[in-house]
Amino acid sequence: MSRRVPLARRYLFGERRRAILATAGVAVALLLVLVLDGIFAGAMQQVTAYIRTSPADVIVSQRGVRTMHMTTSALPADAGLTAETADGVGWVAPIGFVSGVIGADSGGRQLSYVIGYTPGQPGGPHHLISGQPPAGGEAVIDQIAADQLGLHIGDQVRVLGAWLRVSGLAEGGTSIVNTTTFVTADELDQIHGPTTSYLLVGARPGNSSTTLRDTLAAALPDTTVQTRGEFARQEAAVVADMSADVMRIMAIIGFAIALAVVCLTLFTATLARLRDYGIIKALGAGSGRLAGIVIAQAAWTVALAVAASVALALVVGRVVEVAAPTITIAIEPSSILRVAAGAAAIGAVSALAPLRRVVAVDPASAFRRLS
Amino acid sequence: MNANATTTSTTSALEARGLSKIFGHGDLAVTAVRDVDLSVAPGEVVLVDGPSGSGKTTLLLMLGVLLEPTSGSVVVDGDDIWALPERRRPSLRARHFGFVFQDFNLLGALTAAENVTLAADLAGVTGHAARQRAATALERVGLGHRIDFRPDQLSGGEKQRVAVARALVNDPAVILADEPTANLDSANGRQVARLLHTLATDDRRAVIIVTHDNRLHDIADRVLWLEDGALQQLDALVTDPVCHMSITPADTPHIELDGTVWWFCSTGCRDEFTADPTRFTKPK
């Protein structure tokens, strides 16, 4: 075995309090970035849940409309019939869509997508956990929204100003920004006026979604036709655009705090050991070896901090899910990689100033008297 | 040139020629070491004594490849170390020199064994071989039972013995010790002195010790006196009978009395002596 004396580890862990404080400081700063990223990713998952879990291969919307979030869409009245006759179409499910407010008698209110569909056809809730699909005068609401509004099956819920009976509870439709409510297409027509907002289209077996998209785009020239994946990406992009600046600023703040903590810790630790570095140099260490000690300390600090921050983020995610069910914190591998890369960059930057000091340290300083 | 300070050995472990160090420039220039010649043979213990600020440590730093001289050369193992490229100097220090410091200079984060192993690491010996060497060196200085202790768990004498083990772990030809007994009590001081003497006599290493400690004179083959940056053999110095200062007889005031030449550090001492020589010449 050819192992050198692990000076960096000895220096780092020789002073446990300093090491713990440094690692914790960096971990908390990285945790901020990870959790924000997780909230963002969770919101993306929630906001795109209806589309992602839809059985549709292709979605047809008003020309120029590519999302549901923050938009309205109205299709020509004959769009559904035209779509049904196109090659490769297995089924067509028109849905109505309105953004509005639902409320309870107690006064609680929530922003909601209200989707009108034909029960028995695609377009309804992905997973009905209790009760029945809506009939006339009824609505299916999300369980989290029901809990927050204090509603149960059989209670009255006000949807876009109309009082409807809660016929069932669904899951996966509530996000940090709104919830999803399902009514029949006829009910939505009565409340809001007759409108077909989107067509959910399923491909006949053996037909790909992209081929179907192109076929429908040709058959319905005054509409926008996207595959489900494209639609979900567009939906996510709208949310991302709305919050990107905030996320970026928060990430920069988080990384800046982490950088400050690592810089300060490493620099003070290096200054405190400058005489040691002089001794090591006097004994025959080259600048490369000294630099390696500093870099290894920075690497250890950020590596431990990344590991701690990921573990903490997972814990925070679980706690938040219990405490605030509308918030989903999704710690994705890409987010961990981004934070790890950022932390590595922080480690590299934080090592620069100490590196300059140790490389410049005079080996003759080892001969200076301590007192 | 200080011819007195040079041995005539043809197999020197270390040989310095015309070594000088001047700090600063122009009117602010200070000559710390002046034109020193020094040759130390394997197995020889050379003590460098002198007043504080006389340039002893500066000389040691230049001999140990730690401070570049203004002029002169230091030849070790056939190479003028100051003519070598700078990048080769660290490894030269690690392989050819062992250092013993006044303040021990052990790394507090490492155990005794790791402190010694580190020195082997720096000379390119790693892993088991380095640890084995360190264990052997620590055994040799009588600390085989303390290898896993950290410096703060060791006494001053033990720390200095660890430092000696660290100095010899790479089997260097030259040991440079800077006041190695200054921070030790008399018992530990004697023990370290004996150890340094053994390194010279048994291992045939050249040991150069900078010190004020008269106890070390007993182990020295030669005692050199460094004053104002210039080196001379201690037996070439005389003592001022009035103030008892060691002085170089060459350029100082002196008188001849009853066939004996008396040397003084200054005219003040000479005049005091002349006024009543019996005060200073009577046996006490």
# chains A, B, ... in the order shown; residues from 1 in each chain; ligands from 1

$ interface_residues --of "chain B" --to "chain A" --cutoff "6 Å" --atoms "only C-alpha atoms" --output "number ranges by chain"
B: 66, 90-91, 93-94, 109, 118, 122, 126-127

$ write_last_selection --atoms "N, CA and C atoms" --output "CSV table (one decimal), in the first residue's frame"
chain,number,residue,atom,x,y,z
B,66,LEU,N,17.6,26.7,2.9
B,66,LEU,CA,16.4,27.3,3.3
B,66,LEU,C,16.4,28.9,3.1
B,90,PRO,N,13.6,21.4,-2.5
B,90,PRO,CA,12.8,20.7,-1.4
B,90,PRO,C,13.2,19.3,-1.3
B,91,SER,N,13.4,18.6,-2.4
B,91,SER,CA,13.7,17.1,-2.2
B,91,SER,C,15.1,17.0,-1.7
B,93,ARG,N,16.4,19.0,0.5
B,93,ARG,CA,16.3,19.2,2.0
B,93,ARG,C,15.8,17.9,2.6
B,94,ALA,N,14.8,17.3,2.0
B,94,ALA,CA,14.2,16.1,2.6
B,94,ALA,C,15.2,14.9,2.6
B,109,ALA,N,-1.4,18.1,14.8
B,109,ALA,CA,-2.5,17.3,14.3
B,109,ALA,C,-2.1,15.9,14.1
B,118,LEU,N,5.8,11.5,8.0
B,118,LEU,CA,5.6,12.6,7.1
B,118,LEU,C,7.0,13.0,6.4
B,122,LEU,N,7.9,12.9,2.5
B,122,LEU,CA,8.4,14.1,1.7
B,122,LEU,C,9.7,13.7,1.0
B,126,THR,N,6.7,6.2,0.9
B,126,THR,CA,5.3,6.3,1.4
B,126,THR,C,4.8,4.9,1.9
B,127,GLY,N,3.6,4.9,2.5
B,127,GLY,CA,2.9,3.7,2.9
B,127,GLY,C,3.7,2.9,4.0

$ residues_around --residues "range 13-15 of chain B" --least-positions-apart "6" --cutoff "9 Å" --atoms "only C-alpha atoms" --output "list in words"
Thr6, Asp37, Leu38, Ser39, Val40, Ala41, Pro42, Gly43, Leu63, Ser73, Val74, Val75, Val76, Asp77, Ala173, Val174, Arg205 and Ala206 of chain B

$ select_by_dssp --residues "range 280-343 of chain A" --states "alpha helix (DSSP H)" --output "ChimeraX atom specification"
/A:280-282,287-323,333-343

$ write_last_selection --atoms "C-alpha atoms" --output "compact mmCIF listing (two decimals), in the first residue's frame"
# COMPACT_ATOMS: atom_id res chain seq x y z
CA ILE A 280 6.44 21.05 6.22
CA LYS A 281 8.13 23.13 3.55
CA ALA A 282 11.36 23.20 5.54
CA SER A 287 4.56 23.93 -3.25
CA GLY A 288 2.50 21.24 -5.00
CA ARG A 289 2.26 19.14 -1.85
CA LEU A 290 1.23 22.15 0.23
CA ALA A 291 -1.34 23.14 -2.38
CA GLY A 292 -2.67 19.58 -2.31
CA ILE A 293 -3.25 19.84 1.45
CA VAL A 294 -5.30 23.02 1.06
CA ILE A 295 -7.24 21.72 -1.95
CA ALA A 296 -7.99 18.44 -0.20
CA GLN A 297 -9.36 20.32 2.80
CA ALA A 298 -11.62 22.36 0.55
CA ALA A 299 -12.70 19.21 -1.30
CA TRP A 300 -13.47 17.37 1.94
CA THR A 301 -15.44 20.30 3.27
CA VAL A 302 -17.65 20.70 0.21
CA ALA A 303 -18.04 16.95 -0.31
CA LEU A 304 -19.26 16.49 3.24
CA ALA A 305 -21.42 19.57 2.94
CA VAL A 306 -23.03 18.29 -0.27
CA ALA A 307 -23.73 14.90 1.32
CA ALA A 308 -25.15 16.56 4.44
CA SER A 309 -27.25 18.99 2.43
CA VAL A 310 -28.76 16.19 0.31
CA ALA A 311 -29.61 14.18 3.41
CA LEU A 312 -31.08 17.27 5.08
CA ALA A 313 -33.04 18.18 1.95
CA LEU A 314 -34.63 14.72 1.88
CA VAL A 315 -35.59 15.11 5.53
CA VAL A 316 -36.91 18.63 4.96
CA GLY A 317 -38.87 17.34 1.97
CA ARG A 318 -40.60 14.71 4.09
CA VAL A 319 -41.32 17.18 6.89
CA VAL A 320 -42.72 19.78 4.49
CA GLU A 321 -44.91 17.20 2.78
CA VAL A 322 -46.50 16.45 6.12
CA ALA A 323 -46.71 20.05 7.32
CA PRO A 333 -30.54 13.89 -9.40
CA SER A 334 -29.98 16.76 -11.82
CA SER A 335 -30.44 19.20 -8.97
CA ILE A 336 -27.95 17.31 -6.79
CA LEU A 337 -25.47 17.32 -9.66
CA ARG A 338 -25.93 21.06 -10.14
CA VAL A 339 -25.41 21.75 -6.46
CA ALA A 340 -22.40 19.42 -6.35
CA ALA A 341 -20.89 21.19 -9.36
CA GLY A 342 -21.57 24.57 -7.74
CA ALA A 343 -20.03 23.36 -4.50

$ atom_distance --atom1 "CA of Val242 in chain B" --atom2 "CA of Phe273 in chain B"
6.6 Å

$ select_by_dssp --residues "range 100-237 of chain B" --states "strand (DSSP E or B)" --output "CSV table (one decimal) with N, CA and C atoms, in the first residue's frame"
chain,number,residue,atom,x,y,z
B,100,VAL,N,16.6,19.8,13.4
B,100,VAL,CA,16.1,19.7,14.8
B,100,VAL,C,15.9,21.2,15.2
B,174,VAL,N,23.6,15.0,6.8
B,174,VAL,CA,23.9,16.2,7.6
B,174,VAL,C,22.6,16.4,8.5
B,175,ILE,N,22.9,16.6,9.8
B,175,ILE,CA,21.9,17.0,10.8
B,175,ILE,C,22.1,18.5,11.2
B,176,LEU,N,21.1,19.3,11.0
B,176,LEU,CA,21.3,20.7,11.4
B,176,LEU,C,20.3,21.0,12.6
B,177,ALA,N,20.9,21.4,13.7
B,177,ALA,CA,20.1,21.6,14.9
B,177,ALA,C,20.2,23.0,15.4
B,178,ASP,N,19.1,23.6,15.6
B,178,ASP,CA,19.0,25.0,16.0
B,178,ASP,C,18.6,25.1,17.5
B,206,ALA,N,27.3,14.2,9.7
B,206,ALA,CA,27.8,15.5,10.2
B,206,ALA,C,26.7,16.2,10.9
B,207,VAL,N,27.0,16.6,12.1
B,207,VAL,CA,26.0,17.3,13.0
B,207,VAL,C,26.5,18.7,13.2
B,208,ILE,N,25.7,19.7,12.8
B,208,ILE,CA,26.0,21.1,13.0
B,208,ILE,C,25.0,21.6,14.0
B,209,ILE,N,25.4,22.1,15.1
B,209,ILE,CA,24.5,22.6,16.1
B,209,ILE,C,24.8,24.1,16.4
B,210,VAL,N,23.7,24.9,16.3
B,210,VAL,CA,23.8,26.3,16.7
B,210,VAL,C,23.2,26.3,18.1
B,222,ARG,N,34.4,20.3,17.4
B,222,ARG,CA,34.9,21.7,17.2
B,222,ARG,C,33.8,22.6,17.7
B,223,VAL,N,34.3,23.7,18.3
B,223,VAL,CA,33.4,24.8,18.7
B,223,VAL,C,33.8,26.1,17.9
B,224,LEU,N,32.8,26.6,17.1
B,224,LEU,CA,33.1,27.8,16.3
B,224,LEU,C,32.4,29.0,16.9
B,225,TRP,N,33.0,30.1,16.7
B,225,TRP,CA,32.4,31.3,17.3
B,225,TRP,C,32.0,32.2,16.1
B,226,LEU,N,30.7,32.6,16.1
B,226,LEU,CA,30.3,33.5,15.0
B,226,LEU,C,29.9,34.8,15.6
B,227,GLU,N,30.6,35.8,15.2
B,227,GLU,CA,30.3,37.2,15.7
B,227,GLU,C,30.4,38.2,14.5
B,230,ALA,N,31.0,36.7,11.1
B,230,ALA,CA,32.3,36.0,10.8
B,230,ALA,C,32.5,34.9,11.7
B,231,LEU,N,33.1,33.8,11.2
B,231,LEU,CA,33.2,32.6,11.9
B,231,LEU,C,34.7,32.4,12.3
B,232,GLN,N,34.9,31.9,13.5
B,232,GLN,CA,36.3,31.6,13.9
B,232,GLN,C,36.2,30.5,15.0
B,233,GLN,N,37.3,29.8,15.1
B,233,GLN,CA,37.4,28.7,16.0
B,233,GLN,C,37.5,29.3,17.4

$ closest_residue --among "A:Thr196, A:Ile141, A:Thr210, A:Ile176" --to "Gly229 in chain A" --atoms "only C-alpha atoms"
A:Thr210

$ closest_residue --among "A:Pro119, A:Ala104, A:Gly137, A:Ala162" --to "Gly150 in chain A" --atoms "only C-alpha atoms"
A:Ala104

$ closest_residue --among "B:Ser12, B:Asn115, B:Gln153, B:Thr181" --to "Arg166 in chain B" --atoms "only C-alpha atoms"
B:Asn115

$ residues_around --residues "Leu352 in chain A" --least-positions-apart "3" --cutoff "10 Å" --atoms "only C-alpha atoms" --output "ChimeraX atom specification"
/A:263,266-267,291,294-295,347-349,355-357

$ atom_distance --atom1 "CA of Thr260 in chain B" --atom2 "CA of Arg279 in chain B"
15.9 Å

$ residues_around --residues "range 64-67 of chain A" --least-positions-apart "6" --cutoff "8 Å" --atoms "only C-alpha atoms" --output "ChimeraX atom specification"
/A:73,223-224,226,231-232,234-235,238

$ atom_distance --atom1 "CA of Glu272 in chain B" --atom2 "CA of Asn214 in chain B"
28.8 Å
